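Peer 1: I am attaching a structure below and will ask some questions about it afterwards.
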Amino acid sequence: NTYEVRIDNEKVESGKLEEDWDFTAPKRIPDPNAKKPSDWVDAEKIDDPTDSKPDDWEKPEHVADPEAKKPEDWDDEIDGTWEPPMIDNPEYKGVWKARQIDNPAYKGPWVHPEIDNPEYVEDANLYLFKDIGAIGFDLWQVKSGTIFDNIIITDSVQRAEEFGNETWGKTKDPEKKMKDAQDEEDRKKEEEERKKKEADDLKKKPADEDSDAEDNKAPHADDEL
């Protein structure tokens with residue numbers, strides 16, 4: 001009941017079917033009768049009882065803008081009582097929190113005891129599938145160009161290697177050559193576009209400079225007088 005995954009005839013993963021997937025019920029489960037003791041302390045840090053908030057700590061978060069002035073056209077009877085806008089208080093220190101110290105009563109994280117799972121049944125034939133209807137890939141990828149083909153599922157390492165050599169082994173070099181050619185074509189295209197843009201920019205620049213020069217040569221009204 002072991003497995004091995006090979007990509008391009010190189011092993012990339014291996015393990016046990018029972019441990020790495022939920023083919024069977026787990027061998028061990030948390031003991032349903034076990035409870036964390038009511039006096040169990042799992043707080044690693046506590047407030048320092050000797051620490052106290054400074055007397056000058058309490059400052060409002062916002063204060064009236066001392067530079068704000070009541071508008072001259074403000075009418076209290078019509079507009080109501082004028083109040084200056086509020087601004088952030090530079091003396092505001094935030095919510096005070098006591099210094100943290102190690103908790104002398106800390107017992108560490110409570111570990112739930114486990115017991116054998118009565119529903120677990122060992123299956124010696126987990127690996128045995130007479131009919132595989134489909135193969136799926138669950139992955140995340142941000143770069144295109146990856147090819148998935150020539151897939152085989154077998155219980156023979158030798159057969160897998162032979163299959164890989166007969167398929168991927170014969171196509172890897174031509175596929176790489178094709179990919180390199182495509183990359184080179186894309187590179188040349190980008191280079192041509194860059195050069196074309198630079199040439200267009202150069203053509204526009206003299207025209208702009210000539211326009212500026214003509215503007216400088218134009219006689220001013222004061223000169224004509």
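Chain labels run A, B, ... following the order of the structure tokens; each chain numbers its residues from 1, and ligands are numbered from 1 in the order shown.
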For the structure I just gave you, how does DSSP split stretch 68-201 of chain A - specifically, which residues are helix (DSSP H, G or I)? Reply as number ranges by chain.
Peer 2: A: 76-79, 157-166, 168-201
Peer 1: Residues of chain A in strand (DSSP E) according to DSSP, as a PyMOL selection string?
Peer 2: chain A and resi 2-7+10-16+28-30+45-47+62-64+86-88+100-102+114-116
Peer 1: Go through A:Asn103, A:Asn117, A:Glu162, A:Asn125 and flag the residue nearest A:Pro49, using only C-alpha atoms for the distances.
Peer 2: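 Ranked by minimum distance to A:Pro49, first place goes to A:Asn103.
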Peer 1: Within 10 Å of A:Ile7, counting only C-alpha atoms, which residues qualify if same-chain residues fewer than 3 places away don't, as a PyMOL selection string?
Peer 2: chain A and resi 10-13+148+151+164+168
